[in-house]
$ cat protein.txt   # compact mmCIF, C-alpha atoms and all ligand atoms
# COMPACT_ATOMS: atom_id res chain seq x y z
CA MET A 26 -28.26 5.36 -25.93
CA ASN A 27 -25.78 6.51 -23.35
CA ASP A 28 -23.25 9.31 -23.42
CA LEU A 29 -20.38 7.44 -21.82
CA PRO A 30 -17.21 7.77 -23.86
CA LEU A 31 -15.97 4.56 -25.44
CA PRO A 32 -13.31 2.84 -23.37
CA ALA A 33 -9.80 3.82 -24.48
CA VAL A 34 -8.89 0.14 -24.19
CA SER A 35 -11.02 -3.01 -23.92
CA PHE A 36 -9.84 -6.54 -23.35
CA GLN A 37 -12.64 -8.93 -24.28
CA GLY A 38 -12.20 -12.55 -23.22
CA VAL A 39 -8.46 -12.33 -23.83
CA THR A 40 -6.42 -15.50 -23.30
CA ARG A 41 -2.78 -16.09 -24.25
CA ARG A 42 -1.26 -19.56 -24.09
CA TYR A 43 2.37 -20.48 -24.62
CA GLY A 44 2.26 -24.26 -25.11
CA ALA A 45 1.09 -25.68 -21.79
CA VAL A 46 1.40 -22.32 -19.97
CA THR A 47 -1.61 -20.01 -19.86
CA ALA A 48 0.02 -16.62 -19.33
CA VAL A 49 -3.28 -14.68 -19.46
CA ARG A 50 -6.67 -16.28 -18.88
CA ASP A 51 -10.01 -14.84 -20.03
CA VAL A 52 -9.31 -11.20 -19.15
CA ASN A 53 -12.24 -8.79 -19.50
CA LEU A 54 -11.38 -5.19 -18.76
CA ASP A 55 -12.39 -1.70 -19.92
CA ILE A 56 -10.11 1.27 -19.28
CA ALA A 57 -11.56 4.76 -19.58
CA PRO A 58 -9.93 7.60 -21.54
CA GLY A 59 -7.56 9.54 -19.28
CA GLU A 60 -7.60 6.86 -16.59
CA PHE A 61 -4.46 5.90 -14.67
CA PHE A 62 -4.81 2.13 -14.37
CA ALA A 63 -2.32 0.00 -12.44
CA LEU A 64 -1.86 -3.71 -13.10
CA LEU A 65 -0.54 -5.20 -9.90
CA GLY A 66 0.59 -8.75 -9.30
CA PRO A 67 3.56 -10.93 -8.41
CA SER A 68 6.21 -11.92 -10.93
CA GLY A 69 4.84 -14.34 -13.54
CA SER A 70 1.19 -13.32 -13.08
CA GLY A 71 0.77 -12.23 -16.71
CA LYS A 72 1.15 -8.44 -16.48
CA THR A 73 3.76 -8.02 -19.22
CA THR A 74 1.94 -10.46 -21.51
CA LEU A 75 -1.22 -8.36 -21.22
CA LEU A 76 0.71 -5.19 -22.16
CA MET A 77 2.40 -6.91 -25.11
CA LEU A 78 -1.00 -8.02 -26.43
CA LEU A 79 -2.19 -4.42 -26.28
CA ALA A 80 0.99 -2.98 -27.79
CA GLY A 81 0.79 -5.45 -30.66
CA PHE A 82 4.04 -7.31 -30.02
CA ASP A 83 2.00 -10.44 -29.40
CA GLN A 84 -1.45 -11.80 -30.40
CA PRO A 85 -4.14 -13.34 -28.15
CA SER A 86 -4.90 -17.06 -28.46
CA GLU A 87 -8.54 -16.16 -27.84
CA GLY A 88 -10.56 -12.99 -27.48
CA GLN A 89 -9.82 -9.52 -28.79
CA VAL A 90 -8.37 -6.15 -27.84
CA LEU A 91 -10.11 -2.90 -28.83
CA MET A 92 -9.07 0.74 -28.71
CA SER A 93 -11.90 3.30 -28.68
CA GLY A 94 -14.28 0.57 -29.81
CA THR A 95 -12.20 -0.65 -32.77
CA PRO A 96 -10.63 -4.13 -32.78
CA ILE A 97 -6.89 -3.64 -33.31
CA SER A 98 -5.68 -7.12 -34.20
CA ASP A 99 -4.92 -6.01 -37.79
CA PHE A 100 -2.94 -2.96 -36.69
CA PRO A 101 0.85 -3.32 -36.40
CA PRO A 102 2.41 -1.84 -33.22
CA HIS A 103 3.36 1.53 -34.78
CA ARG A 104 -0.24 2.15 -35.89
CA ARG A 105 -1.78 1.63 -32.44
CA ARG A 106 -1.02 5.11 -31.03
CA ILE A 107 0.58 3.52 -27.99
CA GLY A 108 3.79 4.61 -26.24
CA VAL A 109 5.74 2.06 -24.20
CA VAL A 110 8.26 2.54 -21.39
CA PHE A 111 10.15 -0.44 -19.98
CA GLN A 112 12.06 -0.89 -16.75
CA ASN A 113 15.42 -1.08 -18.52
CA TYR A 114 14.87 2.15 -20.53
CA ALA A 115 16.15 0.52 -23.76
CA LEU A 116 17.81 3.75 -24.94
CA PHE A 117 20.25 3.63 -27.86
CA PRO A 118 23.66 4.23 -26.23
CA HIS A 119 25.25 5.75 -29.36
CA MET A 120 22.52 8.38 -29.72
CA THR A 121 22.07 11.56 -27.69
CA ALA A 122 18.96 12.07 -25.58
CA ALA A 123 17.42 14.24 -28.32
CA GLU A 124 18.26 11.66 -31.01
CA ASN A 125 16.71 8.92 -28.89
CA VAL A 126 13.53 10.94 -28.50
CA ALA A 127 13.49 11.79 -32.23
CA TYR A 128 13.84 8.15 -33.25
CA PRO A 129 10.13 7.18 -33.37
CA LEU A 130 9.38 10.33 -35.39
CA LYS A 131 12.17 9.57 -37.84
CA MET A 132 10.78 6.06 -38.26
CA ARG A 133 7.43 7.63 -39.09
CA GLY A 134 9.08 9.85 -41.70
CA MET A 135 8.31 13.17 -40.02
CA PRO A 136 10.10 16.20 -41.55
CA ARG A 137 13.09 17.60 -39.67
CA ASP A 138 11.51 20.92 -38.56
CA GLU A 139 8.41 19.35 -37.10
CA ARG A 140 10.55 16.65 -35.49
CA ASP A 141 12.82 19.15 -33.74
CA LYS A 142 9.82 21.03 -32.38
CA ARG A 143 8.27 17.87 -30.98
CA VAL A 144 11.52 16.62 -29.46
CA HIS A 145 12.04 19.96 -27.76
CA ALA A 146 8.50 19.88 -26.33
CA ALA A 147 8.83 16.27 -25.16
CA LEU A 148 12.15 16.94 -23.40
CA GLY A 149 10.47 19.96 -21.79
CA ILE A 150 7.63 17.83 -20.43
CA VAL A 151 10.10 15.58 -18.62
CA SER A 152 12.19 18.58 -17.43
CA LEU A 153 15.26 17.73 -19.52
CA SER A 154 15.29 20.66 -21.97
CA ASP A 155 18.98 21.32 -21.30
CA ARG A 156 20.19 17.71 -21.63
CA GLY A 157 19.25 16.94 -25.24
CA ALA A 158 22.91 16.73 -26.31
CA SER A 159 23.90 14.27 -23.56
CA TYR A 160 24.47 10.58 -24.23
CA PRO A 161 22.70 8.04 -22.00
CA SER A 162 25.98 7.20 -20.24
CA GLN A 163 26.23 10.85 -19.17
CA LEU A 164 22.79 10.77 -17.53
CA SER A 165 21.64 9.37 -14.18
CA GLY A 166 19.19 6.46 -14.01
CA GLY A 167 16.33 8.82 -13.30
CA GLN A 168 17.27 11.06 -16.23
CA GLN A 169 17.57 8.08 -18.57
CA GLN A 170 14.10 6.98 -17.56
CA ARG A 171 12.82 10.48 -18.33
CA VAL A 172 14.34 10.27 -21.80
CA ALA A 173 12.60 6.93 -22.32
CA LEU A 174 9.36 8.57 -21.20
CA ALA A 175 9.86 11.52 -23.57
CA ARG A 176 10.49 9.06 -26.42
CA ALA A 177 7.23 7.24 -25.60
CA LEU A 178 5.26 10.51 -25.50
CA VAL A 179 6.82 12.34 -28.45
CA PHE A 180 4.34 11.19 -31.11
CA GLY A 181 1.32 12.03 -28.92
CA PRO A 182 0.04 8.52 -28.13
CA ASP A 183 -3.50 7.96 -26.84
CA VAL A 184 -2.28 5.32 -24.42
CA LEU A 185 0.97 5.07 -22.49
CA LEU A 186 2.09 1.64 -21.27
CA MET A 187 4.67 1.47 -18.52
CA ASP A 188 6.14 -1.86 -17.45
CA GLU A 189 7.73 -1.54 -13.99
CA PRO A 190 9.25 1.77 -15.16
CA LEU A 191 10.70 2.77 -11.78
CA GLY A 192 11.93 -0.67 -10.75
CA ALA A 193 15.59 0.18 -11.29
CA LEU A 194 15.53 3.44 -9.32
CA ASP A 195 16.20 3.91 -5.61
CA ARG A 196 13.37 4.72 -3.21
CA ARG A 197 13.81 8.50 -3.11
CA LEU A 198 14.00 8.82 -6.88
CA ARG A 199 10.98 6.56 -7.28
CA ASP A 200 8.89 8.77 -5.00
CA GLN A 201 9.97 11.82 -7.00
CA MET A 202 9.22 10.15 -10.35
CA GLN A 203 5.80 8.98 -9.12
CA ILE A 204 4.80 12.59 -8.49
CA GLU A 205 6.31 13.68 -11.81
CA LEU A 206 4.49 10.95 -13.71
CA LYS A 207 1.15 11.93 -12.20
CA ARG A 208 1.80 15.55 -13.17
CA ILE A 209 2.65 14.63 -16.76
CA GLN A 210 -0.37 12.36 -17.08
CA HIS A 211 -2.59 15.13 -15.76
CA GLU A 212 -1.09 17.67 -18.16
CA LEU A 213 -1.40 15.48 -21.24
CA GLY A 214 -4.62 13.68 -20.33
CA VAL A 215 -3.12 10.47 -21.69
CA THR A 216 -4.51 7.07 -20.64
CA VAL A 217 -1.89 5.19 -18.62
CA ILE A 218 -1.59 1.48 -17.96
CA TYR A 219 1.09 1.03 -15.37
CA VAL A 220 2.50 -2.38 -14.46
CA THR A 221 4.07 -2.90 -11.07
CA HIS A 222 4.54 -5.56 -8.42
CA ASP A 223 4.82 -2.82 -5.76
CA GLN A 224 1.44 -2.41 -4.07
CA SER A 225 2.23 0.92 -2.44
CA GLU A 226 3.20 2.34 -5.84
CA ALA A 227 -0.06 1.10 -7.39
CA MET A 228 -2.14 2.43 -4.50
CA ALA A 229 -0.42 5.82 -4.54
CA MET A 230 -0.72 6.46 -8.27
CA ALA A 231 -3.72 4.71 -9.76
CA ASP A 232 -7.37 5.67 -10.22
CA ARG A 233 -8.10 1.94 -10.37
CA VAL A 234 -6.02 -1.13 -9.69
CA GLY A 235 -6.34 -4.57 -11.29
CA ILE A 236 -4.90 -7.43 -9.25
CA MET A 237 -3.44 -10.31 -11.27
CA SER A 238 -2.45 -13.80 -10.19
CA GLY A 239 -1.76 -16.85 -12.34
CA GLY A 240 -2.85 -15.04 -15.51
CA GLU A 241 -6.23 -14.08 -14.08
CA LEU A 242 -7.57 -10.66 -13.19
CA LEU A 243 -8.86 -11.28 -9.66
CA GLN A 244 -10.27 -7.87 -8.79
CA VAL A 245 -10.56 -4.43 -10.39
CA ALA A 246 -11.46 -1.46 -8.19
CA ASP A 247 -10.24 1.85 -6.82
CA PRO A 248 -7.45 1.58 -4.21
CA GLU A 249 -9.73 2.26 -1.22
CA THR A 250 -12.17 -0.48 -2.22
CA ILE A 251 -9.39 -3.00 -2.85
CA TYR A 252 -7.96 -2.28 0.57
CA ALA A 253 -11.26 -2.23 2.49
CA SER A 254 -13.10 -4.95 0.57
CA PRO A 255 -10.67 -7.43 -1.00
CA ALA A 256 -12.43 -10.02 -3.17
CA ASN A 257 -10.56 -13.06 -1.91
CA HIS A 258 -7.71 -14.35 0.25
CA PHE A 259 -5.02 -13.62 -2.34
CA VAL A 260 -6.01 -9.97 -2.77
CA ALA A 261 -6.34 -9.45 0.99
CA ARG A 262 -2.83 -10.82 1.59
CA PHE A 263 -1.27 -9.04 -1.38
CA ILE A 264 -2.55 -5.58 -0.41
CA GLY A 265 -1.29 -4.34 2.93
CA GLU A 266 -0.96 -6.30 6.13
CA CYS A 267 -3.91 -8.15 7.55
CA SER A 268 -5.05 -11.16 9.52
CA ILE A 269 -7.51 -13.60 8.01
CA LEU A 270 -9.48 -15.30 10.77
CA ARG A 271 -11.68 -18.39 10.71
CA VAL A 272 -15.01 -17.68 12.38
CA ALA A 273 -18.31 -19.48 13.00
CA SER A 274 -21.34 -17.69 11.60
CA PHE A 275 -24.62 -17.51 13.50
CA ASP A 276 -28.26 -16.74 12.60
CA GLY A 277 -27.66 -17.69 8.98
CA GLY A 278 -24.79 -15.25 8.45
CA LYS A 279 -26.06 -12.22 10.38
CA GLY A 280 -22.92 -12.29 12.46
CA TYR A 281 -19.95 -14.36 13.56
CA GLU A 282 -18.46 -15.84 16.68
CA ILE A 283 -14.75 -15.98 17.44
CA SER A 284 -13.16 -17.20 20.67
CA GLY A 285 -16.56 -17.06 22.40
CA ALA A 286 -17.33 -13.43 21.42
CA ARG A 287 -20.07 -12.46 18.99
CA GLN A 288 -20.31 -9.56 16.55
CA LEU A 289 -23.12 -8.64 14.15
CA LEU A 290 -22.10 -7.85 10.56
CA PRO A 291 -23.32 -4.61 8.95
CA THR A 292 -24.43 -6.74 5.99
CA PRO A 293 -25.32 -10.42 6.53
CA SER A 294 -23.39 -12.97 4.49
CA THR A 295 -25.14 -15.70 2.50
CA VAL A 296 -21.99 -17.78 1.99
CA PRO A 297 -19.50 -19.33 4.44
CA PHE A 298 -16.91 -16.68 5.20
CA ASP A 299 -13.64 -15.77 6.88
CA ILE A 300 -12.97 -12.28 8.17
CA VAL A 301 -10.12 -9.86 7.34
CA VAL A 302 -8.92 -7.59 10.12
CA ARG A 303 -6.31 -4.88 9.43
CA PRO A 304 -3.84 -4.21 12.28
CA GLU A 305 -4.67 -0.49 12.43
CA ASN A 306 -8.30 -1.36 13.22
CA VAL A 307 -7.55 -3.53 16.26
CA VAL A 308 -7.73 -1.88 19.67
CA LEU A 309 -5.89 -3.67 22.47
CA ARG A 310 -6.46 -3.24 26.19
CA SER A 311 -4.70 -4.64 29.16
CA ALA A 312 -6.66 -7.65 30.48
CA ALA A 313 -6.41 -6.01 33.90
CA ASN A 314 -8.87 -3.31 32.76
CA PRO A 315 -12.34 -4.81 32.54
CA THR A 316 -14.32 -4.10 29.36
CA PRO A 317 -18.05 -3.31 29.43
CA MET A 318 -20.12 -6.51 29.41
CA ASP A 319 -21.93 -5.69 26.17
CA GLN A 320 -18.83 -4.87 24.16
CA PHE A 321 -17.37 -7.24 21.58
CA CYS A 322 -13.89 -8.29 22.67
CA VAL A 323 -11.69 -11.37 22.52
CA SER A 324 -9.09 -12.47 25.06
CA ALA A 325 -5.57 -12.94 23.78
CA THR A 326 -1.92 -13.23 24.71
CA ILE A 327 0.92 -11.14 23.31
CA ARG A 328 3.43 -13.24 21.38
CA GLU A 329 5.70 -10.85 19.52
CA SER A 330 6.18 -7.14 19.08
CA THR A 331 8.14 -5.06 16.57
CA TYR A 332 9.01 -1.42 17.04
CA LEU A 333 8.04 0.67 13.99
CA GLY A 334 8.93 4.17 15.19
CA SER A 335 5.35 5.42 15.08
CA GLY A 336 4.41 2.63 17.50
CA TRP A 337 4.50 -1.16 17.68
CA ARG A 338 3.18 -3.97 15.52
CA VAL A 339 2.23 -6.86 17.77
CA SER A 340 1.19 -10.40 17.06
CA ILE A 341 -1.29 -11.76 19.57
CA GLU A 342 -2.61 -15.29 20.03
CA LEU A 343 -6.36 -15.72 20.49
CA GLU A 344 -7.74 -18.37 22.86
CA ASP A 345 -8.62 -20.60 19.90
CA GLY A 346 -4.96 -20.51 18.77
CA GLN A 347 -5.37 -18.13 15.79
CA SER A 348 -3.00 -15.18 15.55
CA LEU A 349 -3.93 -11.58 14.95
CA LEU A 350 -1.82 -8.52 14.12
CA ALA A 351 -2.51 -5.27 15.96
CA ASN A 352 -0.99 -1.80 16.07
CA VAL A 353 -0.13 -0.23 19.40
CA PRO A 354 0.42 3.53 19.13
CA ARG A 355 3.18 5.26 21.10
CA ARG A 356 0.95 6.81 23.74
CA HIS A 357 -1.08 3.65 24.32
CA GLU A 358 -1.46 2.30 27.88
CA LEU A 359 0.44 -0.83 26.78
CA ALA A 360 3.30 1.06 25.10
CA GLY A 361 6.66 -0.15 26.34
CA ASN A 362 5.01 -3.05 28.16
CA LEU A 363 4.47 -5.54 25.39
CA SER A 364 6.20 -8.60 26.77
CA ASP A 365 5.57 -12.11 25.48
CA GLY A 366 2.82 -13.76 27.52
CA LEU A 367 1.03 -10.57 28.59
CA LYS A 368 -2.76 -11.03 28.71
CA VAL A 369 -4.79 -8.53 26.71
CA SER A 370 -8.20 -8.10 25.16
CA ALA A 371 -8.75 -7.09 21.55
CA THR A 372 -11.69 -5.40 19.89
CA TRP A 373 -12.56 -3.93 16.49
CA GLU A 374 -15.52 -2.21 14.87
CA PRO A 375 -17.87 -4.35 12.75
CA THR A 376 -17.54 -1.79 9.93
CA SER A 377 -13.76 -2.29 9.83
CA VAL A 378 -14.11 -6.00 9.02
CA ALA A 379 -14.08 -7.34 5.47
CA ILE A 380 -15.53 -10.76 4.81
CA LEU A 381 -14.09 -13.24 2.32
CA PRO A 382 -15.63 -16.40 0.94
CA THR A 383 -13.99 -19.32 2.77
CA GLU A 384 -11.29 -20.99 0.68
CA ALA A 385 -10.41 -24.66 0.91
CA SER A 386 -6.72 -24.34 1.67
CA THR A 387 -4.72 -21.23 2.48
P1 LIG A 401 4.72 -10.81 -15.27
O1 LIG A 401 4.97 -9.68 -16.21
O2 LIG A 401 3.49 -10.62 -14.42
O3 LIG A 401 5.91 -11.13 -14.43
P2 LIG A 401 4.61 -12.42 -17.68
O4 LIG A 401 3.47 -11.89 -18.46
O5 LIG A 401 5.98 -12.03 -18.11
O6 LIG A 401 4.40 -12.13 -16.13
O7 LIG A 401 4.54 -14.02 -17.72
C1 LIG A 401 3.38 -14.76 -17.40
C2 LIG A 401 3.64 -16.24 -17.62
O8 LIG A 401 3.80 -16.52 -19.01
C3 LIG A 401 4.91 -16.74 -16.94
O9 LIG A 401 4.67 -18.05 -16.47
C4 LIG A 401 5.92 -16.75 -18.07
O10 LIG A 401 6.92 -17.70 -17.83
C5 LIG A 401 5.06 -17.11 -19.27
N1 LIG A 401 5.59 -16.53 -20.51
C6 LIG A 401 5.64 -15.22 -20.83
N2 LIG A 401 6.14 -15.03 -22.06
C7 LIG A 401 6.40 -16.27 -22.57
C8 LIG A 401 6.94 -16.77 -23.82
N3 LIG A 401 7.30 -15.93 -24.80
N4 LIG A 401 7.07 -18.10 -23.96
C9 LIG A 401 6.70 -18.93 -22.96
N5 LIG A 401 6.19 -18.54 -21.78
C10 LIG A 401 6.04 -17.23 -21.57
MG MG A 402 6.69 -8.45 -16.34

$ encode --input "protein.txt" --output "structure tokens" --more "lines below"
Ligand code: ADP
Ligand code: MG
Amino acid sequence: MNDLPLPAVSFQGVTRRYGAVTAVRDVNLDIAPGEFFALLGPSGSGKTTLLMLLAGFDQPSEGQVLMSGTPISDFPPHRRRIGVVFQNYALFPHMTAAENVAYPLKMRGMPRDERDKRVHAALGIVSLSDRGASYPSQLSGGQQQRVALARALVFGPDVLLMDEPLGALDRRLRDQMQIELKRIQHELGVTVIYVTHDQSEAMAMADRVGIMSGGELLQVADPETIYASPANHFVARFIGECSILRVASFDGGKGYEISGARQLLPTPSTVPFDIVVRPENVVLRSAANPTPMDQFCVSATIRESTYLGSGWRVSIELEDGQSLLANVPRRHELAGNLSDGLKVSATWEPTSVAILPTEAST
């Protein structure tokens, strides 16, 4: 016996095919009650399909979906205790904000008094208590999205699904709504599955992130782990900026050699690997300053630099022809002197390196 609560949502071997297209392939995933889970992936990777299978607007070709341990394939959408918010709000234009929010309760046959109370509370949660009488056309994009959120929350769902909900808002409003959404989730304790193709949004909001590509769930982990230890080339490239370098391993994977320099790995690798180096972990020095003999460093030439305000992002070419991104902070000895062709040396800590199984073609 264990005391772990049942997952709020479980996908067990879920596949969805549309003719020759496999939109979702063998997804296995448990989401804990109260968790904020982000599904992150490029357009067409299967994110919306996965949500629709959970919401009950679509059925898996194989596998099953469970809520709190119960298979839900026989439950129609309105019996799944799931609220859904889409990018395009989908508000009824001829109804006021309050009428829009009341709609799901009306459909469920709730008496007027109880309905009014709930609508009032839901509009309060999204900070729109005073706009109940407004029509959607009289509200800003951000306010319309709040109404859509209130409508999804009004019947007290166990799980809230959001499909790119902030995609239509400008940057400032998105940042504001991200904070608001986290507050609401915290207040209500509702389980959230949040679909986005924006990695910074997923990283900022989620307890755990699932990375999707081509219908497959490639990695599920907390944001720090995904960033520091991506499972494969796709995840490494999709999350943040990085360089993936080909290296030669030595002593059966205890370390690697690149451009004639050797570094030991904290944990030896048993499989052929490439390394991932994030630009903020690379330290550059002028080649004119000698480095201690025993320190790991590779010789390189500056090829390109971009001013970022907080410093520079530079692309350097290693002696073996591979390129590497590095950050140069504003007060660095090389600041303001990053011309093409300048000789430098680059170093990084072994603990800042992630290793990836070598892939045939990338
Ligand atoms: P995402 O939300 O990540 O952009 P989707 O889940 O919408 O991806 O789509 C995943 C894949 O499934 C895409 O190739 C898409 O064209 C296909 N697809 C989705 N829905 C249907 C459908 N109803 N009929 C045929 N193909 C579909
Ligand atoms: Mg989608």

$ residues_near_point --input "protein.txt" --point "(4.5, -6.2, 19.9)" --cutoff "10 Å" --atoms "only C-alpha atoms" --output "ChimeraX atom specification"
/A:327-333,336-341,350-353,359-365

$ atom_distance --input "protein.txt" --atom1 "CA of Gly239 (chain A)" --atom2 "CA of Glu266 (chain A)"
21.3 Å

$ closest_atom_pairs --input "protein.txt" --of "chain A" --to "ligand MG 402 (chain A)" --cutoff "8 Å" --atoms "only C-alpha atoms and all ligand atoms" --output "CSV"
residue,atom,partner,partner_atom,distance
A:Ser68,CA,A:MG402,MG,6.4
A:Gly69,CA,A:MG402,MG,6.8
A:Gly71,CA,A:MG402,MG,7.0
A:Lys72,CA,A:MG402,MG,5.5
A:Thr73,CA,A:MG402,MG,4.1
A:Thr74,CA,A:MG402,MG,7.3
A:Asp188,CA,A:MG402,MG,6.7
A:Glu189,CA,A:MG402,MG,7.4
A:Val220,CA,A:MG402,MG,7.6

$ write_last_selection --input "protein.txt" --atoms "C-alpha atoms" --output "compact mmCIF listing (two decimals), in the coordinates of the input"
# COMPACT_ATOMS: atom_id res chain seq x y z
CA SER A 68 6.21 -11.92 -10.93
CA GLY A 69 4.84 -14.34 -13.54
CA GLY A 71 0.77 -12.23 -16.71
CA LYS A 72 1.15 -8.44 -16.48
CA THR A 73 3.76 -8.02 -19.22
CA THR A 74 1.94 -10.46 -21.51
CA ASP A 188 6.14 -1.86 -17.45
CA GLU A 189 7.73 -1.54 -13.99
CA VAL A 220 2.50 -2.38 -14.46

$ closest_residue --input "protein.txt" --among "A:Tyr160, A:Phe117, A:Tyr281, A:Tyr219" --to "ligand LIG 401 (chain A)" --atoms "all atoms listed in the file"
A:Tyr219

$ residues_near_ligand --input "protein.txt" --ligand "ligand LIG 401 (chain A)" --cutoff "12 Å" --atoms "all atoms listed in the file" --output "ChimeraX atom specification"
/A:40-50,64-78,82-84,111-112,187-189,219-223,235-242

$ residues_around --input "protein.txt" --residues "region 278-280 of chain A" --least-positions-apart "2" --cutoff "8 Å" --atoms "all atoms listed in the file" --output "PDB file with C-alpha atoms, in the coordinates of the input"
ATOM      1  CA  SER A 274     -21.340 -17.690  11.600  1.00  0.00           C
ATOM      2  CA  PHE A 275     -24.620 -17.510  13.500  1.00  0.00           C
ATOM      3  CA  ASP A 276     -28.260 -16.740  12.600  1.00  0.00           C
ATOM      4  CA  GLU A 282     -18.460 -15.840  16.680  1.00  0.00           C
ATOM      5  CA  ARG A 287     -20.070 -12.460  18.990  1.00  0.00           C
ATOM      6  CA  GLN A 288     -20.310  -9.560  16.550  1.00  0.00           C
ATOM      7  CA  LEU A 289     -23.120  -8.640  14.150  1.00  0.00           C
ATOM      8  CA  LEU A 290     -22.100  -7.850  10.560  1.00  0.00           C
ATOM      9  CA  THR A 292     -24.430  -6.740   5.990  1.00  0.00           C
ATOM     10  CA  PRO A 293     -25.320 -10.420   6.530  1.00  0.00           C
ATOM     11  CA  SER A 294     -23.390 -12.970   4.490  1.00  0.00           C
ATOM     12  CA  THR A 295     -25.140 -15.700   2.500  1.00  0.00           C
ATOM     13  CA  VAL A 296     -21.990 -17.780   1.990  1.00  0.00           C
ATOM     14  CA  PRO A 297     -19.500 -19.330   4.440  1.00  0.00           C
TER      15      PRO A 297
END

$ atom_distance --input "protein.txt" --atom1 "CA of Leu31 (chain A)" --atom2 "CA of Gly94 (chain A)"
6.2 Å

$ atom_distance --input "protein.txt" --atom1 "CA of Leu309 (chain A)" --atom2 "CA of Ile251 (chain A)"
25.6 Å

$ residues_around --input "protein.txt" --residues "Ser284 (chain A)" --least-positions-apart "3" --cutoff "10 Å" --atoms "all atoms listed in the file" --output "ChimeraX atom specification"
/A:272-273,287,322-325,343-347

$ closest_residue --input "protein.txt" --among "A:Gly181, A:Pro136, A:Gly265, A:Pro291" --to "Thr216 (chain A)" --atoms "all atoms listed in the file"
A:Gly181

$ residues_around --input "protein.txt" --residues "region 208-210 of chain A" --least-positions-apart "4" --cutoff "9 Å" --atoms "only C-alpha atoms" --output "short mmCIF file (atom, residue, chain, number, x, y, z; two decimals) with C-alpha atoms, in the coordinates of the input"
data_model
loop_
_atom_site.label_atom_id
_atom_site.label_comp_id
_atom_site.auth_asym_id
_atom_site.auth_seq_id
_atom_site.Cartn_x
_atom_site.Cartn_y
_atom_site.Cartn_z
CA GLY A 59 -7.56 9.54 -19.28
CA PHE A 61 -4.46 5.90 -14.67
CA ILE A 150 7.63 17.83 -20.43
CA VAL A 151 10.10 15.58 -18.62
CA GLN A 203 5.80 8.98 -9.12
CA ILE A 204 4.80 12.59 -8.49
CA GLY A 214 -4.62 13.68 -20.33
CA VAL A 215 -3.12 10.47 -21.69
CA THR A 216 -4.51 7.07 -20.64
CA VAL A 217 -1.89 5.19 -18.62
#

$ build_atoms --input "protein.txt" --residues "region 217-226 of chain A" --atoms "N, CA, C and O atoms" --output "JSON list (two decimals), in the coordinates of the input"
[["chain", "number", "residue", "atom", "x", "y", "z"],
["A", 217, "VAL", "N", -3.10, 5.91, -19.03],
["A", 217, "VAL", "CA", -1.89, 5.19, -18.62],
["A", 217, "VAL", "C", -2.24, 3.80, -18.10],
["A", 217, "VAL", "O", -3.16, 3.65, -17.29],
["A", 218, "ILE", "N", -1.52, 2.81, -18.58],
["A", 218, "ILE", "CA", -1.59, 1.48, -17.96],
["A", 218, "ILE", "C", -0.21, 1.19, -17.41],
["A", 218, "ILE", "O", 0.78, 1.18, -18.14],
["A", 219, "TYR", "N", -0.17, 1.03, -16.10],
["A", 219, "TYR", "CA", 1.09, 1.03, -15.37],
["A", 219, "TYR", "C", 1.26, -0.31, -14.66],
["A", 219, "TYR", "O", 0.45, -0.67, -13.79],
["A", 220, "VAL", "N", 2.27, -1.05, -15.05],
["A", 220, "VAL", "CA", 2.50, -2.38, -14.46],
["A", 220, "VAL", "C", 3.49, -2.28, -13.31],
["A", 220, "VAL", "O", 4.54, -1.65, -13.45],
["A", 221, "THR", "N", 3.14, -2.89, -12.20],
["A", 221, "THR", "CA", 4.07, -2.90, -11.07],
["A", 221, "THR", "C", 3.79, -4.12, -10.20],
["A", 221, "THR", "O", 2.72, -4.71, -10.24],
["A", 222, "HIS", "N", 4.81, -4.54, -9.43],
["A", 222, "HIS", "CA", 4.54, -5.56, -8.42],
["A", 222, "HIS", "C", 4.58, -4.92, -7.03],
["A", 222, "HIS", "O", 4.50, -5.60, -6.03],
["A", 223, "ASP", "N", 4.70, -3.56, -7.02],
["A", 223, "ASP", "CA", 4.82, -2.82, -5.76],
["A", 223, "ASP", "C", 3.45, -2.25, -5.40],
["A", 223, "ASP", "O", 2.95, -1.32, -6.03],
["A", 224, "GLN", "N", 2.82, -2.81, -4.37],
["A", 224, "GLN", "CA", 1.44, -2.41, -4.07],
["A", 224, "GLN", "C", 1.34, -0.97, -3.61],
["A", 224, "GLN", "O", 0.37, -0.28, -3.93],
["A", 225, "SER", "N", 2.36, -0.46, -2.90],
["A", 225, "SER", "CA", 2.23, 0.92, -2.44],
["A", 225, "SER", "C", 2.31, 1.89, -3.63],
["A", 225, "SER", "O", 1.64, 2.92, -3.65],
["A", 226, "GLU", "N", 3.12, 1.53, -4.63],
["A", 226, "GLU", "CA", 3.20, 2.34, -5.84],
["A", 226, "GLU", "C", 1.85, 2.36, -6.57],
["A", 226, "GLU", "O", 1.36, 3.42, -6.97]]
